[in-house]
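**Q** What follows is the file target-v2.txt, containing compact mmCIF, C-alpha atoms:
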# COMPACT_ATOMS: atom_id res chain seq x y z
CA MET A 1 27.63 -109.18 -108.49
CA HIS A 2 29.90 -106.95 -106.40
CA ALA A 3 29.99 -109.53 -103.59
CA LEU A 4 30.75 -112.32 -106.09
CA ILE A 5 33.71 -110.49 -107.64
CA GLN A 6 35.04 -109.55 -104.19
CA ALA A 7 34.83 -113.23 -103.19
CA ILE A 8 36.71 -114.27 -106.35
CA ILE A 9 39.50 -111.78 -105.59
CA LEU A 10 39.76 -113.10 -102.03
CA GLY A 11 39.71 -116.69 -103.29
CA ILE A 12 42.55 -116.12 -105.75
CA LEU A 13 44.74 -114.50 -103.09
CA THR A 14 44.00 -117.32 -100.63
CA GLY A 15 44.47 -119.98 -103.30
CA GLY A 16 48.02 -118.78 -103.90
CA VAL A 17 48.93 -119.66 -100.31
CA TYR A 18 47.30 -123.10 -100.65
CA ALA A 19 49.31 -123.59 -103.84
CA LEU A 20 52.54 -122.98 -101.94
CA MET A 21 51.54 -125.45 -99.22
CA ALA A 22 50.46 -128.11 -101.73
CA SER A 23 53.53 -127.78 -103.97
CA GLY A 24 55.72 -129.32 -101.29
CA GLN A 25 53.22 -132.12 -100.73
CA THR A 26 53.16 -132.84 -104.46
CA LEU A 27 56.95 -132.72 -104.77
CA ILE A 28 57.39 -135.25 -101.97
CA PHE A 29 54.85 -137.61 -103.52
CA GLY A 30 56.36 -137.23 -106.98
CA ILE A 31 59.86 -138.15 -105.82
CA MET A 32 59.18 -140.69 -103.08
CA LYS A 33 55.58 -141.81 -103.72
CA VAL A 34 55.01 -140.84 -100.10
CA VAL A 35 51.82 -139.12 -98.94
CA ASN A 36 53.23 -136.80 -96.30
CA LEU A 37 50.55 -136.47 -93.61
CA ALA A 38 52.90 -134.19 -91.65
CA GLN A 39 52.82 -131.40 -94.26
CA GLY A 40 50.08 -129.55 -92.39
CA ALA A 41 52.06 -129.88 -89.16
CA PHE A 42 55.10 -128.41 -90.94
CA VAL A 43 52.99 -125.41 -91.96
CA VAL A 44 51.85 -124.91 -88.36
CA LEU A 45 55.43 -125.31 -87.13
CA GLY A 46 56.52 -122.65 -89.61
CA ALA A 47 53.77 -120.38 -88.29
CA TYR A 48 54.95 -120.83 -84.70
CA LEU A 49 58.58 -120.20 -85.65
CA THR A 50 57.49 -116.96 -87.35
CA TYR A 51 55.36 -116.08 -84.31
CA THR A 52 58.38 -116.54 -82.03
CA LEU A 53 60.64 -114.39 -84.22
CA PHE A 54 57.93 -111.72 -84.36
CA VAL A 55 57.12 -111.64 -80.63
CA GLN A 56 60.58 -112.22 -79.19
CA PHE A 57 62.76 -110.37 -81.69
CA GLY A 58 60.34 -108.02 -83.45
CA MET A 59 61.13 -109.51 -86.87
CA ASP A 60 58.65 -108.82 -89.65
CA PRO A 61 56.77 -112.04 -90.54
CA PHE A 62 57.64 -111.77 -94.23
CA ALA A 63 61.33 -111.23 -93.44
CA SER A 64 61.28 -114.27 -91.14
CA VAL A 65 60.83 -116.45 -94.23
CA LEU A 66 64.55 -115.99 -94.84
CA ILE A 67 65.21 -117.83 -91.56
CA THR A 68 62.36 -120.33 -91.25
CA THR A 69 62.61 -121.66 -94.81
CA PRO A 70 66.27 -122.83 -94.75
CA LEU A 71 65.82 -124.02 -91.16
CA MET A 72 62.85 -126.20 -92.10
CA PHE A 73 64.73 -127.45 -95.16
CA LEU A 74 67.42 -128.83 -92.86
CA VAL A 75 64.78 -130.27 -90.52
CA GLY A 76 63.04 -131.95 -93.46
CA VAL A 77 66.28 -133.50 -94.75
CA GLY A 78 67.09 -134.79 -91.27
CA LEU A 79 63.63 -136.27 -90.76
CA GLN A 80 63.73 -138.04 -94.12
CA TRP A 81 67.07 -139.65 -93.34
CA ALA A 82 66.02 -140.62 -89.83
CA LEU A 83 62.42 -141.76 -90.35
CA ILE A 84 61.62 -142.41 -94.03
CA ARG A 85 64.89 -143.70 -95.46
CA PRO A 86 65.11 -146.77 -93.16
CA LEU A 87 61.68 -148.04 -94.32
CA HIS A 88 61.71 -151.12 -96.52
CA SER A 89 61.34 -150.06 -100.15
CA ASP A 90 58.54 -152.55 -100.85
CA ASP A 91 56.37 -151.15 -98.06
CA VAL A 92 57.40 -147.49 -98.02
CA ALA A 93 54.10 -146.21 -99.46
CA GLN A 94 52.06 -147.85 -96.69
CA LEU A 95 54.46 -147.44 -93.78
CA SER A 96 55.16 -143.80 -94.62
CA LEU A 97 51.52 -142.97 -93.91
CA LEU A 98 51.94 -144.23 -90.36
CA VAL A 99 55.35 -142.61 -89.92
CA THR A 100 54.32 -139.17 -91.21
CA PHE A 101 51.08 -139.25 -89.22
CA ALA A 102 53.06 -140.11 -86.10
CA LEU A 103 55.44 -137.28 -86.99
CA ALA A 104 52.49 -134.87 -87.24
CA LEU A 105 51.27 -135.97 -83.81
CA GLY A 106 54.78 -135.53 -82.41
CA VAL A 107 55.03 -131.98 -83.79
CA GLU A 108 51.58 -131.22 -82.37
CA GLY A 109 52.60 -132.52 -78.95
CA ILE A 110 55.81 -130.51 -78.84
CA LEU A 111 54.03 -127.33 -79.93
CA SER A 112 51.26 -127.89 -77.37
CA PHE A 113 53.86 -128.22 -74.62
CA ALA A 114 55.82 -125.18 -75.78
CA TYR A 115 52.98 -122.80 -76.67
CA SER A 116 49.78 -124.32 -75.15
CA THR A 117 46.68 -125.10 -77.20
CA THR A 118 45.22 -121.58 -77.13
CA LEU A 119 44.47 -120.06 -80.52
CA THR A 120 46.90 -117.34 -81.53
CA ASN A 121 47.82 -115.36 -84.62
CA ILE A 122 50.48 -113.01 -85.90
CA GLN A 123 49.37 -109.37 -85.98
CA PRO A 124 51.87 -106.94 -87.52
CA LYS A 125 50.90 -103.27 -87.58
CA TYR A 126 49.76 -103.48 -91.19
CA ALA A 127 47.58 -106.56 -90.68
CA ASN A 128 44.30 -104.71 -91.29
CA PHE A 129 45.52 -102.36 -94.00
CA SER A 130 43.83 -102.68 -97.39
CA TRP A 131 43.54 -100.89 -100.71
CA THR A 132 40.40 -100.02 -102.61
CA VAL A 133 40.86 -100.89 -106.30
CA VAL A 134 37.95 -100.06 -108.62
CA GLY A 135 35.62 -100.36 -105.66
CA TYR A 136 36.99 -103.69 -104.40
CA GLN A 137 38.99 -104.28 -101.21
CA VAL A 138 42.44 -105.87 -101.47
CA ASN A 139 44.00 -106.71 -98.12
CA LEU A 140 47.71 -105.91 -97.95
CA VAL A 141 48.71 -109.08 -96.07
CA ARG A 142 46.78 -111.33 -98.46
CA PHE A 143 48.25 -109.57 -101.48
CA CYS A 144 51.81 -109.85 -100.10
CA ALA A 145 51.17 -113.49 -99.17
CA PHE A 146 50.05 -114.18 -102.73
CA ALA A 147 53.13 -112.39 -104.10
CA LEU A 148 55.41 -114.37 -101.77
CA SER A 149 53.80 -117.61 -102.93
CA LEU A 150 54.44 -116.68 -106.55
CA VAL A 151 58.09 -115.89 -105.81
CA VAL A 152 58.70 -119.16 -103.93
CA LEU A 153 56.89 -121.20 -106.58
CA ALA A 154 58.93 -119.49 -109.29
CA VAL A 155 62.16 -120.33 -107.45
CA LEU A 156 60.98 -123.93 -107.05
CA TYR A 157 60.20 -124.08 -110.79
CA LEU A 158 63.67 -122.78 -111.68
CA VAL A 159 65.31 -125.28 -109.33
CA LEU A 160 63.42 -128.16 -110.94
CA LYS A 161 63.93 -127.01 -114.53
CA ARG A 162 67.35 -125.35 -114.57
CA THR A 163 69.56 -127.20 -112.09
CA LYS A 164 71.32 -130.55 -112.00
CA PHE A 165 69.34 -131.42 -108.90
CA GLY A 166 66.10 -130.57 -110.73
CA ARG A 167 67.02 -132.86 -113.61
CA ALA A 168 67.76 -135.62 -111.11
CA VAL A 169 64.37 -135.03 -109.47
CA ARG A 170 62.51 -135.19 -112.78
CA ALA A 171 64.39 -138.32 -113.80
CA THR A 172 63.56 -139.97 -110.47
CA VAL A 173 59.88 -139.05 -110.81
CA GLN A 174 59.62 -140.39 -114.36
CA ASN A 175 61.58 -143.61 -113.92
CA PRO A 176 63.40 -144.26 -110.61
CA MET A 177 65.18 -147.40 -111.85
CA SER A 178 66.54 -145.77 -115.00
CA ALA A 179 67.59 -142.71 -113.01
CA GLN A 180 69.66 -144.85 -110.66
CA LEU A 181 71.25 -146.66 -113.61
CA LEU A 182 72.29 -143.25 -114.95
CA GLY A 183 74.04 -142.43 -111.69
CA VAL A 184 71.33 -140.51 -109.83
CA ASN A 185 71.60 -140.96 -106.06
CA ALA A 186 67.94 -141.66 -105.29
CA GLN A 187 68.42 -141.50 -101.53
CA ARG A 188 70.02 -138.06 -101.73
CA VAL A 189 67.34 -136.79 -104.12
CA SER A 190 64.62 -138.09 -101.79
CA ALA A 191 66.17 -136.38 -98.76
CA LEU A 192 66.59 -133.06 -100.56
CA GLY A 193 63.08 -133.34 -102.01
CA PHE A 194 61.60 -133.91 -98.57
CA GLY A 195 63.60 -130.93 -97.35
CA LEU A 196 62.19 -128.75 -100.12
CA GLY A 197 58.69 -129.88 -99.21
CA ALA A 198 59.25 -128.87 -95.59
CA ALA A 199 60.80 -125.56 -96.72
CA THR A 200 57.75 -124.62 -98.81
CA ALA A 201 55.56 -125.49 -95.84
CA ALA A 202 57.58 -123.13 -93.66
CA SER A 203 57.24 -120.33 -96.22
CA ALA A 204 53.49 -120.86 -96.31
CA GLY A 205 53.33 -121.08 -92.51
CA SER A 206 54.81 -117.63 -92.15
CA VAL A 207 51.84 -116.10 -93.99
CA PHE A 208 49.29 -118.64 -92.75
CA GLY A 209 49.81 -117.33 -89.22
CA MET A 210 48.90 -113.80 -90.33
CA LEU A 211 45.78 -114.87 -92.22
CA ASN A 212 44.34 -117.34 -89.70
CA ALA A 213 44.16 -117.99 -85.99
CA PHE A 214 46.02 -121.23 -85.30
CA ASN A 215 47.00 -123.66 -82.58
CA PRO A 216 48.99 -126.94 -82.61
CA GLY A 217 45.92 -128.88 -83.76
CA SER A 218 45.34 -126.73 -86.84
CA HIS A 219 47.22 -129.23 -88.99
CA TYR A 220 44.22 -131.59 -89.09
CA ASP A 221 42.14 -129.13 -91.10
CA LEU A 222 45.14 -128.11 -93.19
CA ILE A 223 46.14 -131.62 -94.27
CA SER A 224 42.58 -132.42 -95.38
CA ARG A 225 42.58 -129.30 -97.58
CA LEU A 226 46.04 -130.00 -98.96
CA LEU A 227 45.12 -133.58 -99.86
CA THR A 228 42.06 -132.25 -101.68
CA VAL A 229 44.21 -129.83 -103.67
CA VAL A 230 46.84 -132.47 -104.50
CA VAL A 231 44.26 -135.06 -105.59
CA LEU A 232 42.29 -132.52 -107.61
CA GLY A 233 45.39 -131.29 -109.42
CA GLY A 234 46.75 -134.77 -110.06
CA LEU A 235 49.19 -136.69 -107.89
CA GLY A 236 52.73 -135.70 -108.80
CA SER A 237 51.81 -132.59 -110.82
CA ILE A 238 52.98 -129.34 -109.22
CA GLY A 239 51.37 -127.30 -111.99
CA GLY A 240 48.12 -129.16 -111.43
CA SER A 241 48.31 -128.45 -107.71
CA VAL A 242 48.72 -124.73 -108.34
CA VAL A 243 45.65 -124.65 -110.62
CA ALA A 244 43.67 -126.80 -108.17
CA ALA A 245 44.62 -124.56 -105.25
CA LEU A 246 43.36 -121.49 -107.08
CA VAL A 247 40.15 -123.30 -108.05
CA MET A 248 39.53 -124.44 -104.48
CA GLY A 249 40.39 -121.02 -103.05
CA VAL A 250 37.86 -119.34 -105.33
CA ALA A 251 35.21 -122.03 -104.81
CA SER A 252 35.53 -121.87 -101.04
CA SER A 253 35.42 -118.07 -100.97
CA VAL A 254 32.41 -117.88 -103.30
CA VAL A 255 30.47 -120.45 -101.27
CA SER A 256 31.30 -118.53 -98.09
CA ALA A 257 30.07 -115.24 -99.57
CA MET A 258 27.02 -116.58 -101.41
CA ALA A 259 25.88 -119.23 -98.94
CA SER A 260 27.58 -119.66 -95.54
CA PRO A 261 31.11 -119.93 -94.10
CA ILE A 262 30.10 -123.32 -92.70
CA TRP A 263 29.55 -124.67 -96.21
CA SER A 264 32.81 -123.06 -97.28
CA ASP A 265 34.82 -125.51 -95.18
CA PHE A 266 32.71 -128.40 -96.46
CA THR A 267 33.49 -127.46 -100.08
CA PHE A 268 36.90 -129.15 -99.90
CA PHE A 269 35.40 -132.47 -98.80
CA ILE A 270 32.69 -132.39 -101.47
CA VAL A 271 35.25 -131.74 -104.19
CA LEU A 272 37.56 -134.47 -102.86
CA LEU A 273 34.71 -137.00 -102.90
CA LEU A 274 33.65 -136.06 -106.44
CA VAL A 275 37.21 -136.24 -107.77
CA LEU A 276 37.82 -139.64 -106.22
CA LEU A 277 34.57 -140.93 -107.71
CA LEU A 278 34.73 -139.34 -111.17
CA ARG A 279 38.41 -138.77 -111.95
CA PRO A 280 40.74 -140.45 -109.43
CA ARG A 281 43.88 -139.18 -111.19
CA GLY A 282 42.77 -135.58 -110.87
CA LEU A 283 42.40 -132.84 -113.46
CA PHE A 284 45.97 -133.08 -114.77
CA GLY A 285 47.14 -136.44 -113.47
CA ALA A 286 46.66 -138.44 -116.67
CA ARG A 287 48.45 -135.91 -118.86
CA THR A 288 51.26 -134.65 -116.68
CA ARG A 289 51.92 -137.47 -114.24
CA GLY A 290 55.65 -137.74 -113.70
CA ALA A 291 56.42 -134.44 -115.39
CA LEU A 292 56.17 -132.15 -112.37
Would it be possible to restate this file's structure as structure tokens?

**A**
Amino acid sequence: MHALIQAIILGILTGGVYALMASGQTLIFGIMKVVNLAQGAFVVLGAYLTYTLFVQFGMDPFASVLITTPLMFLVGVGLQWALIRPLHSDDVAQLSLLVTFALALGVEGILSFAYSTTLTNIQPKYANFSWTVVGYQVNLVRFCAFALSLVVLAVLYLVLKRTKFGRAVRATVQNPMSAQLLGVNAQRVSALGFGLGAATAASAGSVFGMLNAFNPGSHYDLISRLLTVVVLGGLGSIGGSVVAALVMGVASSVVSAMASPIWSDFTFFIVLLLVLLLRPRGLFGARTRGAL
């Protein structure tokens, strides 16, 4: 029982980071109906940017979020205008898969050239520090990563619910044609939405690099997990993605502790297959689709 509860604690903390990664993926799909296969590459890019700031300038990885997040927002906006916006509207859903996959390969190639393909990670002095709470271990980095995820997700929620841009996003998600008739600039909303997706990936990348060894090819494993979370939660539902991320984090951690770490990785693929077969719209897709 002790091992099970410890695994659940670890799974919740890890799931919070997955939720942050998947929120950007869900936001991009909700606005543009684009499955961004480069989201995992954005996370890895964010990890390498944090690694550079840490090694070259001694900046704390959590503090580096203040630099990497706005930087990746600008990169995301630029990429949307340059690569996604020119696609023909009738074929954007199909062509965007090819474009974002090519973008992921391009990011991987640049990172491989700049940093090599050797596995690395970010190791601040407090990386191995942990607390003992009622007999259970709580790692400081994982706890802070979970807290950071909550903060960023809360900011994203406020942006979507309390700002003019957020209202434009929700209108575009619910009915793009009506939104444009009401004066919403769909192209601008799409660009800013893609930028927000890249920004959340950068925030997650900063903590991902402290929790996992990574190299430029790590995005392949990441994107498969993110797609599982997004599909399980329901395409277009950020709230569903958060719940799904926590569920998958706990499930993966419990399987790792109770069975084997090998089966832990396979858990995501089993869940994805079952969801696609039994409930293609995900746990919350039918009820909250278009509501974010």

**Q** Which polymer residues have any atom within 12 Å of an atom of Leu95 in chain A, counting only C-alpha atoms, with same-chain residues fewer than 2 positions away left out, as an NGL selection string?

**A** :A and (33-37 or 83-93 or 97-102)

**Q** Which polymer residues have any atom within 12 Å of an atom of Leu4 in chain A, counting all atoms listed in the file, with same-chain residues fewer than 5 positions away left out, as number ranges by chain?

**A** A: 9-11, 136, 250-259

**Q** With distances taken over only C-alpha atoms, which residue among A:Gly193, A:Met72, A:Ala147, A:Val55 lies nearest Val159 in chain A?

**A** A:Gly193

**Q** My list of candidates is A:Trp81, A:Tyr157, A:Tyr115, A:Phe54. Which is closest to Gly217 in chain A when distances are computed with only C-alpha atoms?

**A**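 Looking only at the distances to Gly217 in chain A, the closest residue turns out to be A:Tyr115.
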
**Q** Step by step, gather every atom of range 73-88 of chain A that the file lists, find the box along x, y and z that holds them, add 4 Å on each side, and finally give centre and edge lengths in Å to one decimal, as JSON.

**A**
{"center_x": 64.5, "center_y": -139.3, "center_z": -93.2, "size_x": 13.8, "size_y": 31.7, "size_z": 14.7}

**Q** With only C-alpha atoms as the atoms that count, which of A:Phe62, A:Phe57, A:Phe165, A:Phe42 lies nearest to Met210 in chain A?

**A**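 Smallest separation from Met210 in chain A among the options: A:Phe62.
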
**Q** Report as a PyMOL selection string all protein, DNA and RNA residues lying within 10 Å of range 124-135 of chain A, evaluated on all atoms listed in the file, omitting residues in the same chain fewer than 2 positions from it.

**A** chain A and resi 2+6+54-55+58-61+121-122+137-143+210-211

**Q** Select, from A:Ser206, A:Thr68, A:Ser264, A:Ser218, the residue with the minimum atom-to-atom distance to Cys144 in chain A, counting all atoms listed in the file.

**A** A:Ser206

**Q** Kindly give the distance, in Å, that separates CA of Phe284 in chain A and CA of Ser241 in chain A, rounded to a single decimal.

**A**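 These atoms are spaced 8.8 Å apart.
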
**Q** Could you tell me how far CA of Leu103 in chain A sits from CA of Gly166 in chain A, in Å to one decimal place?

**A**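 Distance between the two atoms: 26.9 Å.
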
**Q** Point out the residue among A:Val152, A:Ile31, A:Val65, A:Leu226 with the least atom-to-atom distance to Val207 in chain A, counting all atoms listed in the file.

**A**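 For Val207 in chain A, the nearest of the given residues is A:Val65.
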
**Q** What does the distance from CA of Val75 in chain A to CA of Val107 in chain A come to in Å, to one decimal?

**A** 12.0 Å

**Q** Of the residues A:Thr267, A:Gln80, A:Ser203, A:Ser112, which is the one nearest to Ser64 in chain A, using only C-alpha atoms?

**A** A:Ser203

**Q** Need the shell around Ile67 in chain A: protein/DNA/RNA residues with any atom at most 10 Å away, counting only C-alpha atoms. Skip same-chain ones fewer than 3 positions apart. Format as an MDAnalysis selection string?

**A** chainID A and resid 49:50 53 63:64 70:72 202:203

**Q** Only C-alpha atoms, please: the residues just picked out, written as a JSON list (two decimals), keeping the file's coordinate frame.

**A**
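So the final result, stored in part_8.json, reads:
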[["chain", "number", "residue", "atom", "x", "y", "z"],
["A", 49, "LEU", "CA", 58.58, -120.20, -85.65],
["A", 50, "THR", "CA", 57.49, -116.96, -87.35],
["A", 53, "LEU", "CA", 60.64, -114.39, -84.22],
["A", 63, "ALA", "CA", 61.33, -111.23, -93.44],
["A", 64, "SER", "CA", 61.28, -114.27, -91.14],
["A", 70, "PRO", "CA", 66.27, -122.83, -94.75],
["A", 71, "LEU", "CA", 65.82, -124.02, -91.16],
["A", 72, "MET", "CA", 62.85, -126.20, -92.10],
["A", 202, "ALA", "CA", 57.58, -123.13, -93.66],
["A", 203, "SER", "CA", 57.24, -120.33, -96.22]]

**Q** Counting only C-alpha atoms, which residues come within 8 Å of (64.7, -135.9, -104.8), with the point read in the file's coordinates, and could you list them as a list of chain:residue names?

**A** A:Ile28, A:Ile31, A:Met32, A:Phe165, A:Ala168, A:Val169, A:Thr172, A:Ala186, A:Gln187, A:Arg188, A:Val189, A:Ser190, A:Ala191, A:Leu192, A:Gly193, A:Phe194

**Q** Can you write out as a Markdown table which residues of range 111-178 of chain A fall within 12 Å of range 230-239 of chain A, alongside each residue's closest atom pair and its distance in Å to one decimal, counting only C-alpha atoms and ordering rows by chain and ascending residue number?

**A**
| residue | atom | partner | partner_atom | distance |
| --- | --- | --- | --- | --- |
| A:Leu153 | CA | A:Ile238 | CA | 9.4 |
| A:Ala154 | CA | A:Gly239 | CA | 11.2 |
| A:Leu156 | CA | A:Ile238 | CA | 9.9 |
| A:Tyr157 | CA | A:Ile238 | CA | 9.1 |
| A:Leu160 | CA | A:Ile238 | CA | 10.6 |
| A:Val169 | CA | A:Gly236 | CA | 11.7 |
| A:Arg170 | CA | A:Gly236 | CA | 10.6 |
| A:Thr172 | CA | A:Gly236 | CA | 11.8 |
| A:Val173 | CA | A:Gly236 | CA | 8.1 |
| A:Gln174 | CA | A:Gly236 | CA | 10.0 |

**Q** What's around Phe146 in chain A at 8 Å? Count only C-alpha atoms, leave out sequence neighbours fewer than 6 positions away in its own chain, and write the answer as a ChimeraX atom specification.

**A** /A:13-14,16-17
